[in-house]
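Colleague: Pasting in a structure now, in structure tokens, and then I'll have a few things to ask.
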Amino acid sequence: MPLEQLIKVRRSLHRIPELGFQEVKTQQFLLKYIGSLPQDFLEVKEWRTGLLVKVIGATPMKTIGYRTDIDGLPIEEETTYDFRSEHKGMMHACGHDFHMTIALGVLTHFATNQPNDNLLFIFQPAEEGPGGALPMLESEVFNEERPDMMVALHIAPNLPVGTIGIKEGLLFANTSELFIDLKGRGGHAAYPHEANDMVVAASHLVTQLQTIVSRNMDPLDSAVVTIGKITGGTKQNIIAENARIEGTIRTLSPQAMNIVKKRIEALVSGIEKGFECQAQIDYGANYYQVNNDAKLTHEFCEYVKKNKPQFSVLKVDKAMTGEDFGYFLKEIPGFMFWLGVETAYGLHHSKIEPKEEALEVATNVLIDYLTHKTT
């Protein structure tokens, strides 16, 4: 697919971002586009708001999966584009419009150039939350077509166009949302002894949570506990009956995640006793680490270096970002790589404007690599 057509597809998708498991327009767009391709060896199956598109190989011995996420984010767009989001308060601010376009570009090639082995294009909903990878992985429709290996990419704002960032082993962290609700006894500000102040309880708890990493984790391990939001109370002269703490947990191992959560639960239990209140913890969406298969990752890097010398393959460090593609890699060997898109603003920023030339870079690399892997 030429760059001009890739750009057209990307801009169409950019206009219709939708939240997790609400990607109705997105699914319809994908179905219409895929339906316009030759259907001689394509099979399309729906899963909730996602799709599984199989390219039937000429002499299949294995199936290679390529996964793209399809949802947007609850962000009001502030780009300079004339093709900004048509959905108020929603935006493709994490590159999923890029990811889908690249998948469609690669699929377009193989719809007219039948591979020897099967290819499975996985259009997965709800990556940003509540998480679509795990339920899709466990679904009957996925397991009917379960691939033998899987590949995915993610745009990288900090890398130049033409650069692929990758590493063997751990690439992305384990992540968990964190919501803690505290309930006490409200009252008049002039009579604090008759109430039970949850603003004070929440303040104590936030301070204690910040000791987990510094005092309960092995210094040679890595973990992050960030509290990003606190809400409580109704008016300046009313003692707060309720308070809510919202944050995130990031670790570089599943074991560290378990340690952090156990310590959170112990501290919250102490707050309940010390402030005579009730507390409830909700860990929300949890994503498993992205751990690249060493052999497949090395083979991919060597293939690109040898056959696409115009592109730079850069070894990157692991990051505390989260991606639910990790659930697929937990059970199916494969890898994910960063795609350089060179933009001044980072992921999840309302002004992010990835360079569209990267669409052609990724599409060409993946067509060549998947052709190589299926022959």
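Ordering of the structure tokens sets the chain letters (A, B, ...), residue numbers begin anew at 1 in every chain, and ligands are numbered from 1 in the order given.
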Among the residues of region 47-293 of chain A, find those DSSP assigns to strand (DSSP E) from the backbone and print them as a VMD selection string.
Modeller: chain A and resid 47 50 to 55 63 to 69 118 to 124 149 to 156 163 to 166 169 to 172 174 to 183 187 to 188 223 to 232 238 to 239 242 to 251 278 to 282 286 to 287 290 to 292
Colleague: Where does DSSP see helix (DSSP H, G or I) in region 83-201 of chain A, if you list the residues as a ChimeraX atom specification?
Modeller: /A:96-112,133-137,140-144,192-194,198-201
Colleague: Using only C-alpha atoms, please write the residues we just selected to a file, as a CSV table (one decimal), in the first residue's frame.
Modeller:
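Wrote it out as selection_21.csv, contents follow:
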chain,number,residue,atom,x,y,z
A,96,HIS,CA,-3.5,3.0,17.9
A,97,ASP,CA,-4.6,4.7,14.7
A,98,PHE,CA,-1.0,4.1,13.4
A,99,HIS,CA,-1.1,0.5,14.7
A,100,MET,CA,-4.3,-0.3,12.9
A,101,THR,CA,-3.2,1.3,9.7
A,102,ILE,CA,0.0,-0.6,9.6
A,103,ALA,CA,-1.9,-3.9,10.2
A,104,LEU,CA,-4.2,-3.0,7.3
A,105,GLY,CA,-1.3,-2.2,5.1
A,106,VAL,CA,0.3,-5.5,5.8
A,107,LEU,CA,-3.0,-7.4,5.4
A,108,THR,CA,-3.6,-5.7,2.1
A,109,HIS,CA,-0.3,-7.1,0.7
A,110,PHE,CA,-1.0,-10.7,1.8
A,111,ALA,CA,-4.6,-10.6,0.6
A,112,THR,CA,-3.2,-10.5,-2.9
A,133,ALA,CA,-5.9,-9.1,25.6
A,134,LEU,CA,-6.6,-11.5,28.4
A,135,PRO,CA,-10.3,-12.2,27.6
A,136,MET,CA,-9.6,-12.4,23.9
A,137,LEU,CA,-6.7,-14.9,24.6
A,140,GLU,CA,-13.1,-19.8,22.0
A,141,VAL,CA,-12.8,-17.8,18.7
A,142,PHE,CA,-9.1,-17.0,19.4
A,143,ASN,CA,-8.2,-20.5,20.4
A,144,GLU,CA,-9.8,-21.9,17.3
A,192,PRO,CA,-14.2,17.3,65.1
A,193,HIS,CA,-14.5,15.0,68.1
A,194,GLU,CA,-18.0,13.9,66.9
A,198,MET,CA,-11.4,10.8,56.0
A,199,VAL,CA,-9.3,13.6,54.5
A,200,VAL,CA,-6.8,13.2,57.4
A,201,ALA,CA,-7.0,9.4,57.1
Colleague: With region 322-334 of chain A as the partner and 6 Å as the cut-off, tabulate the residues of region 126-190 of chain A that qualify, each row holding the nearest pair of atoms and their distance in Å to one decimal, using only C-alpha atoms, sorted by chain and rising number, as a tab-separated table.
Modeller:
residue	atom	partner	partner_atom	distance
A:Ala133	CA	A:Asp324	CA	5.7
A:Leu134	CA	A:Tyr327	CA	5.9
A:Met149	CA	A:Pro333	CA	5.1
A:Met150	CA	A:Gly334	CA	4.6
A:Val151	CA	A:Gly334	CA	5.6
A:Phe172	CA	A:Gly322	CA	5.6
A:Ala173	CA	A:Gly322	CA	5.5
A:Thr175	CA	A:Gly322	CA	5.7
Colleague: Convert the current residue selection to file output with N, CA and C atoms, as a PDB file, in the first residue's frame.
Modeller:
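File again00.pdb, as written:
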ATOM      1  N   ALA A 133      -6.813  -7.959  25.954  1.00  0.00           N
ATOM      2  CA  ALA A 133      -5.949  -9.076  25.561  1.00  0.00           C
ATOM      3  C   ALA A 133      -6.295 -10.368  26.296  1.00  0.00           C
ATOM      4  N   LEU A 134      -6.420 -10.301  27.608  1.00  0.00           N
ATOM      5  CA  LEU A 134      -6.649 -11.522  28.388  1.00  0.00           C
ATOM      6  C   LEU A 134      -7.972 -12.192  28.038  1.00  0.00           C
ATOM      7  N   MET A 149       3.220 -18.142  16.978  1.00  0.00           N
ATOM      8  CA  MET A 149       4.036 -17.027  17.452  1.00  0.00           C
ATOM      9  C   MET A 149       3.270 -15.740  17.182  1.00  0.00           C
ATOM     10  N   MET A 150       3.676 -14.644  17.867  1.00  0.00           N
ATOM     11  CA  MET A 150       2.967 -13.381  17.718  1.00  0.00           C
ATOM     12  C   MET A 150       3.934 -12.210  17.659  1.00  0.00           C
ATOM     13  N   VAL A 151       3.522 -11.181  16.928  1.00  0.00           N
ATOM     14  CA  VAL A 151       4.323  -9.976  16.760  1.00  0.00           C
ATOM     15  C   VAL A 151       3.424  -8.762  16.961  1.00  0.00           C
ATOM     16  N   PHE A 172       8.380  -4.245  28.745  1.00  0.00           N
ATOM     17  CA  PHE A 172       7.433  -3.414  29.496  1.00  0.00           C
ATOM     18  C   PHE A 172       7.125  -4.054  30.848  1.00  0.00           C
ATOM     19  N   ALA A 173       6.695  -3.242  31.778  1.00  0.00           N
ATOM     20  CA  ALA A 173       6.486  -3.660  33.165  1.00  0.00           C
ATOM     21  C   ALA A 173       5.130  -4.326  33.395  1.00  0.00           C
ATOM     22  N   THR A 175       1.762  -3.920  35.391  1.00  0.00           N
ATOM     23  CA  THR A 175       1.074  -2.718  35.868  1.00  0.00           C
ATOM     24  C   THR A 175      -0.242  -3.083  36.534  1.00  0.00           C
TER      25      THR A 175
END
Colleague: Considering only C-alpha atoms, can you say which of A:Ala152, A:Ile249, A:Val313, A:Leu31 comes closest to Val213 (chain A)?
Modeller: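 Among A:Ala152, A:Ile249, A:Val313, A:Leu31, it is A:Ile249 that comes nearest to Val213 (chain A).
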Colleague: Using only C-alpha atoms, which residue out of A:Ala344, A:Thr363, A:Ile239, A:Phe41 lies closest to Thr79 (chain A)?
Modeller: A:Ala344
Colleague: Env of Gln5 (chain A): 10 Å cut, atoms = only C-alpha atoms, seq-sep filter 3 positions within chain, self excluded. Answer as a list of chain:residue names.
Modeller: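 Returned residues: A:Met1, A:Pro2, A:Lys8, A:Val9, A:Arg10, A:Arg11, A:Thr101, A:Gly105, A:Glu360.
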Colleague: Measuring atom to atom with only C-alpha atoms, identify which of A:Glu128, A:Glu276, A:Glu168, A:Glu241 is nearest to Phe21 (chain A).
Modeller: A:Glu128
Colleague: Near Lys88 (chain A), within 10 Å and counting only C-alpha atoms, which residues show up once chain neighbours fewer than 5 positions away are dropped, as a ChimeraX atom specification?
Modeller: /A:16-17,74-77
Colleague: Would you save the residues from that selection as a PDB file, in the first residue's frame, using C-alpha atoms?
Modeller:
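Contents of again.pdb, as written:
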ATOM      1  CA  ILE A  16     -13.215   8.166  15.206  1.00  0.00           C
ATOM      2  CA  PRO A  17     -11.469   7.216  18.489  1.00  0.00           C
ATOM      3  CA  PRO A  74     -10.528   9.866  27.054  1.00  0.00           C
ATOM      4  CA  ILE A  75      -8.444  12.921  26.068  1.00  0.00           C
ATOM      5  CA  GLU A  76      -9.614  16.175  24.455  1.00  0.00           C
ATOM      6  CA  GLU A  77      -7.482  16.607  21.338  1.00  0.00           C
TER       7      GLU A  77
END
